[in-house]
>>> print(open('coords.txt').read())   # compact mmCIF, C-alpha atoms
# COMPACT_ATOMS: atom_id res chain seq x y z
CA MET A 1 6.94 -12.50 3.90
CA TYR A 2 9.68 -10.26 2.60
CA VAL A 3 8.75 -6.60 2.68
CA CYS A 4 12.08 -5.17 1.49
CA VAL A 5 14.02 -7.32 -0.94
CA CYS A 6 16.96 -4.91 -1.11
CA TYR A 7 17.78 -5.48 2.57
CA GLY A 8 15.97 -8.78 3.19
CA VAL A 9 13.55 -7.28 5.71
CA THR A 10 10.52 -9.37 6.64
CA ASP A 11 7.12 -8.39 7.97
CA LYS A 12 8.06 -10.06 11.27
CA GLN A 13 11.08 -7.76 11.61
CA VAL A 14 8.90 -4.71 10.91
CA LYS A 15 6.39 -5.87 13.55
CA GLN A 16 9.16 -6.45 16.08
CA ALA A 17 10.58 -2.99 15.40
CA VAL A 18 7.14 -1.45 15.92
CA ASP A 19 6.79 -3.33 19.19
CA SER A 20 10.19 -1.94 20.18
CA GLY A 21 9.10 1.63 19.57
CA ALA A 22 9.56 2.34 15.87
CA VAL A 23 6.24 4.05 15.23
CA ASP A 24 6.97 5.95 12.02
CA LEU A 25 8.77 5.36 8.73
CA LYS A 26 11.87 7.31 9.74
CA SER A 27 12.44 5.16 12.83
CA LEU A 28 11.83 1.96 10.82
CA GLN A 29 14.37 3.13 8.25
CA LYS A 30 16.89 3.82 11.00
CA ALA A 31 16.31 0.42 12.61
CA LEU A 32 16.04 -1.78 9.51
CA ASN A 33 17.16 0.28 6.47
CA VAL A 34 13.77 -0.56 4.97
CA GLY A 35 12.80 1.77 2.12
CA THR A 36 16.21 3.41 1.85
CA GLN A 37 17.44 1.73 -1.36
CA CYS A 38 14.85 1.66 -4.16
CA GLY A 39 11.78 2.67 -2.14
CA LYS A 40 9.37 0.16 -3.68
CA CYS A 41 8.68 -1.40 -0.28
CA ILE A 42 7.54 1.75 1.51
CA LYS A 43 3.81 1.25 0.86
CA THR A 44 3.85 -2.34 2.12
CA THR A 45 6.06 -1.41 5.06
CA LEU A 46 3.61 1.29 6.12
CA GLU A 47 0.71 -1.15 5.83
CA VAL A 48 2.47 -3.73 8.03
CA MET A 49 3.43 -1.02 10.50
CA GLN A 50 -0.16 0.24 10.73
CA GLN A 51 -1.52 -3.29 11.19
CA GLN A 52 0.88 -3.81 14.07
CA LEU A 53 0.05 -0.46 15.64
CA ASP A 54 -3.64 -1.37 15.46
CA VAL A 55 -3.13 -4.56 17.50
CA THR A 56 -0.48 -3.25 19.89
CA PRO A 57 -1.40 -1.21 22.96
CA ASN A 58 -0.17 2.34 22.43
CA TYR A 59 2.13 3.07 25.37
CA TYR A 60 3.45 6.17 23.64
CA GLU A 61 0.18 8.09 23.78
CA VAL A 62 0.21 11.14 26.02
CA ALA A 63 -2.90 11.56 28.15
>>> encode(input="coords.txt", output="C-alpha cells")
Amino acid sequence: MYVCVCYGVTDKQVKQAVDSGAVDLKSLQKALNVGTQCGKCIKTTLEVMQQQLDVTPNYYEVA
C-alpha cells in the first residue's frame, strides 16, 4: 500500500526503514522523504511505524 503518494513510499519501505533503525518521524523523513511534501501521509506513516515497532524486538532500548 502506498503511504506517501508524493514520493511513492510504500508501507513495506517504512517497515524496512524501521527495521534498519528509523524509529521516529524525523529519521523516516531523512531516509524516505515521507511527509516532507504535503504532509497528508504523516498520520498513516506514524501508524505503520508504530505497528512495526510493536512487532520488532527493540534493540535500541537502554537497560
>>> residues_around(input="coords.txt", residues="Val48 (chain A)", least_positions_apart="4", cutoff="9 Å", atoms="all atoms listed in the file", output="ChimeraX atom specification")
/A:3,11,14-15,43-44,52-53
>>> residues_around(input="coords.txt", residues="region 17-34 of chain A", least_positions_apart="2", cutoff="8 Å", atoms="all atoms listed in the file", output="list in words")
Cys4, Tyr7, Val9, Gln13, Val14, Lys15, Thr36, Gln37, Cys41, Ile42, Thr45, Leu46, Met49, Gln52, Leu53 and Thr56 of chain A
>>> axis_aligned_box(input="coords.txt", around="region 8-24 of chain A", padding_each_side="8 Å", output="lines of an AutoDock Vina configuration file")
center_x = 11.1
center_y = -2.1
center_z = 11.7
size_x = 25.7
size_y = 32.0
size_z = 33.0
>>> closest_residue(input="coords.txt", among="A:Gln51, A:Gln16, A:Cys6, A:Met1", to="Gly35 (chain A)", atoms="only C-alpha atoms")
A:Cys6
>>> build_atoms(input="coords.txt", residues="region 11-22 of chain A", atoms="all heavy atoms", output="PDB file, in the coordinates of the input")
ATOM      1  N   ASP A  11       8.214  -9.017   7.224  1.00  0.00           N
ATOM      2  CA  ASP A  11       7.120  -8.390   7.970  1.00  0.00           C
ATOM      3  C   ASP A  11       7.281  -8.632   9.465  1.00  0.00           C
ATOM      4  O   ASP A  11       6.951  -7.766  10.277  1.00  0.00           O
ATOM      5  CB  ASP A  11       5.761  -8.875   7.476  1.00  0.00           C
ATOM      6  CG  ASP A  11       5.556 -10.369   7.614  1.00  0.00           C
ATOM      7  OD1 ASP A  11       6.534 -11.138   7.548  1.00  0.00           O
ATOM      8  OD2 ASP A  11       4.387 -10.779   7.767  1.00  0.00           O
ATOM      9  N   LYS A  12       7.828  -9.771   9.849  1.00  0.00           N
ATOM     10  CA  LYS A  12       8.060 -10.060  11.270  1.00  0.00           C
ATOM     11  C   LYS A  12       9.054  -9.072  11.875  1.00  0.00           C
ATOM     12  O   LYS A  12       8.884  -8.624  13.002  1.00  0.00           O
ATOM     13  CB  LYS A  12       8.550 -11.487  11.468  1.00  0.00           C
ATOM     14  CG  LYS A  12       7.492 -12.529  11.222  1.00  0.00           C
ATOM     15  CD  LYS A  12       8.025 -13.926  11.461  1.00  0.00           C
ATOM     16  CE  LYS A  12       6.949 -14.951  11.165  1.00  0.00           C
ATOM     17  NZ  LYS A  12       7.406 -16.322  11.417  1.00  0.00           N
ATOM     18  N   GLN A  13      10.089  -8.727  11.115  1.00  0.00           N
ATOM     19  CA  GLN A  13      11.080  -7.760  11.610  1.00  0.00           C
ATOM     20  C   GLN A  13      10.454  -6.379  11.762  1.00  0.00           C
ATOM     21  O   GLN A  13      10.746  -5.670  12.722  1.00  0.00           O
ATOM     22  CB  GLN A  13      12.272  -7.695  10.651  1.00  0.00           C
ATOM     23  CG  GLN A  13      13.147  -8.919  10.686  1.00  0.00           C
ATOM     24  CD  GLN A  13      14.212  -8.863   9.611  1.00  0.00           C
ATOM     25  OE1 GLN A  13      13.909  -8.895   8.423  1.00  0.00           O
ATOM     26  NE2 GLN A  13      15.468  -8.752  10.036  1.00  0.00           N
ATOM     27  N   VAL A  14       9.588  -6.006  10.822  1.00  0.00           N
ATOM     28  CA  VAL A  14       8.900  -4.710  10.910  1.00  0.00           C
ATOM     29  C   VAL A  14       8.020  -4.703  12.157  1.00  0.00           C
ATOM     30  O   VAL A  14       8.021  -3.751  12.938  1.00  0.00           O
ATOM     31  CB  VAL A  14       8.082  -4.422   9.641  1.00  0.00           C
ATOM     32  CG1 VAL A  14       7.204  -3.185   9.829  1.00  0.00           C
ATOM     33  CG2 VAL A  14       8.992  -4.251   8.434  1.00  0.00           C
ATOM     34  N   LYS A  15       7.275  -5.790  12.383  1.00  0.00           N
ATOM     35  CA  LYS A  15       6.390  -5.870  13.550  1.00  0.00           C
ATOM     36  C   LYS A  15       7.183  -5.812  14.849  1.00  0.00           C
ATOM     37  O   LYS A  15       6.779  -5.146  15.800  1.00  0.00           O
ATOM     38  CB  LYS A  15       5.554  -7.148  13.486  1.00  0.00           C
ATOM     39  CG  LYS A  15       4.519  -7.118  12.391  1.00  0.00           C
ATOM     40  CD  LYS A  15       3.784  -8.443  12.278  1.00  0.00           C
ATOM     41  CE  LYS A  15       2.791  -8.423  11.138  1.00  0.00           C
ATOM     42  NZ  LYS A  15       2.075  -9.691  10.997  1.00  0.00           N
ATOM     43  N   GLN A  16       8.322  -6.481  14.890  1.00  0.00           N
ATOM     44  CA  GLN A  16       9.160  -6.450  16.080  1.00  0.00           C
ATOM     45  C   GLN A  16       9.702  -5.044  16.327  1.00  0.00           C
ATOM     46  O   GLN A  16       9.774  -4.585  17.474  1.00  0.00           O
ATOM     47  CB  GLN A  16      10.319  -7.445  15.947  1.00  0.00           C
ATOM     48  CG  GLN A  16       9.886  -8.886  16.057  1.00  0.00           C
ATOM     49  CD  GLN A  16      11.022  -9.855  15.738  1.00  0.00           C
ATOM     50  OE1 GLN A  16      12.023  -9.497  15.134  1.00  0.00           O
ATOM     51  NE2 GLN A  16      10.843 -11.107  16.144  1.00  0.00           N
ATOM     52  N   ALA A  17      10.083  -4.364  15.258  1.00  0.00           N
ATOM     53  CA  ALA A  17      10.580  -2.990  15.400  1.00  0.00           C
ATOM     54  C   ALA A  17       9.490  -2.064  15.909  1.00  0.00           C
ATOM     55  O   ALA A  17       9.749  -1.206  16.751  1.00  0.00           O
ATOM     56  CB  ALA A  17      11.130  -2.497  14.056  1.00  0.00           C
ATOM     57  N   VAL A  18       8.269  -2.257  15.433  1.00  0.00           N
ATOM     58  CA  VAL A  18       7.140  -1.450  15.920  1.00  0.00           C
ATOM     59  C   VAL A  18       6.922  -1.723  17.393  1.00  0.00           C
ATOM     60  O   VAL A  18       6.739  -0.794  18.190  1.00  0.00           O
ATOM     61  CB  VAL A  18       5.870  -1.731  15.091  1.00  0.00           C
ATOM     62  CG1 VAL A  18       4.643  -1.099  15.745  1.00  0.00           C
ATOM     63  CG2 VAL A  18       6.038  -1.225  13.663  1.00  0.00           C
ATOM     64  N   ASP A  19       6.961  -2.982  17.778  1.00  0.00           N
ATOM     65  CA  ASP A  19       6.790  -3.330  19.190  1.00  0.00           C
ATOM     66  C   ASP A  19       7.908  -2.754  20.055  1.00  0.00           C
ATOM     67  O   ASP A  19       7.713  -2.517  21.242  1.00  0.00           O
ATOM     68  CB  ASP A  19       6.737  -4.854  19.361  1.00  0.00           C
ATOM     69  CG  ASP A  19       5.452  -5.458  18.830  1.00  0.00           C
ATOM     70  OD1 ASP A  19       4.467  -4.708  18.622  1.00  0.00           O
ATOM     71  OD2 ASP A  19       5.420  -6.693  18.621  1.00  0.00           O
ATOM     72  N   SER A  20       9.061  -2.510  19.450  1.00  0.00           N
ATOM     73  CA  SER A  20      10.190  -1.940  20.180  1.00  0.00           C
ATOM     74  C   SER A  20      10.209  -0.420  20.163  1.00  0.00           C
ATOM     75  O   SER A  20      11.141   0.191  20.678  1.00  0.00           O
ATOM     76  CB  SER A  20      11.505  -2.470  19.601  1.00  0.00           C
ATOM     77  OG  SER A  20      11.586  -3.866  19.778  1.00  0.00           O
ATOM     78  N   GLY A  21       9.198   0.176  19.521  1.00  0.00           N
ATOM     79  CA  GLY A  21       9.100   1.630  19.570  1.00  0.00           C
ATOM     80  C   GLY A  21       9.222   2.369  18.259  1.00  0.00           C
ATOM     81  O   GLY A  21       9.114   3.591  18.238  1.00  0.00           O
ATOM     82  N   ALA A  22       9.480   1.676  17.171  1.00  0.00           N
ATOM     83  CA  ALA A  22       9.560   2.340  15.870  1.00  0.00           C
ATOM     84  C   ALA A  22       8.145   2.572  15.360  1.00  0.00           C
ATOM     85  O   ALA A  22       7.510   1.662  14.852  1.00  0.00           O
ATOM     86  CB  ALA A  22      10.347   1.475  14.879  1.00  0.00           C
TER      87      ALA A  22
END
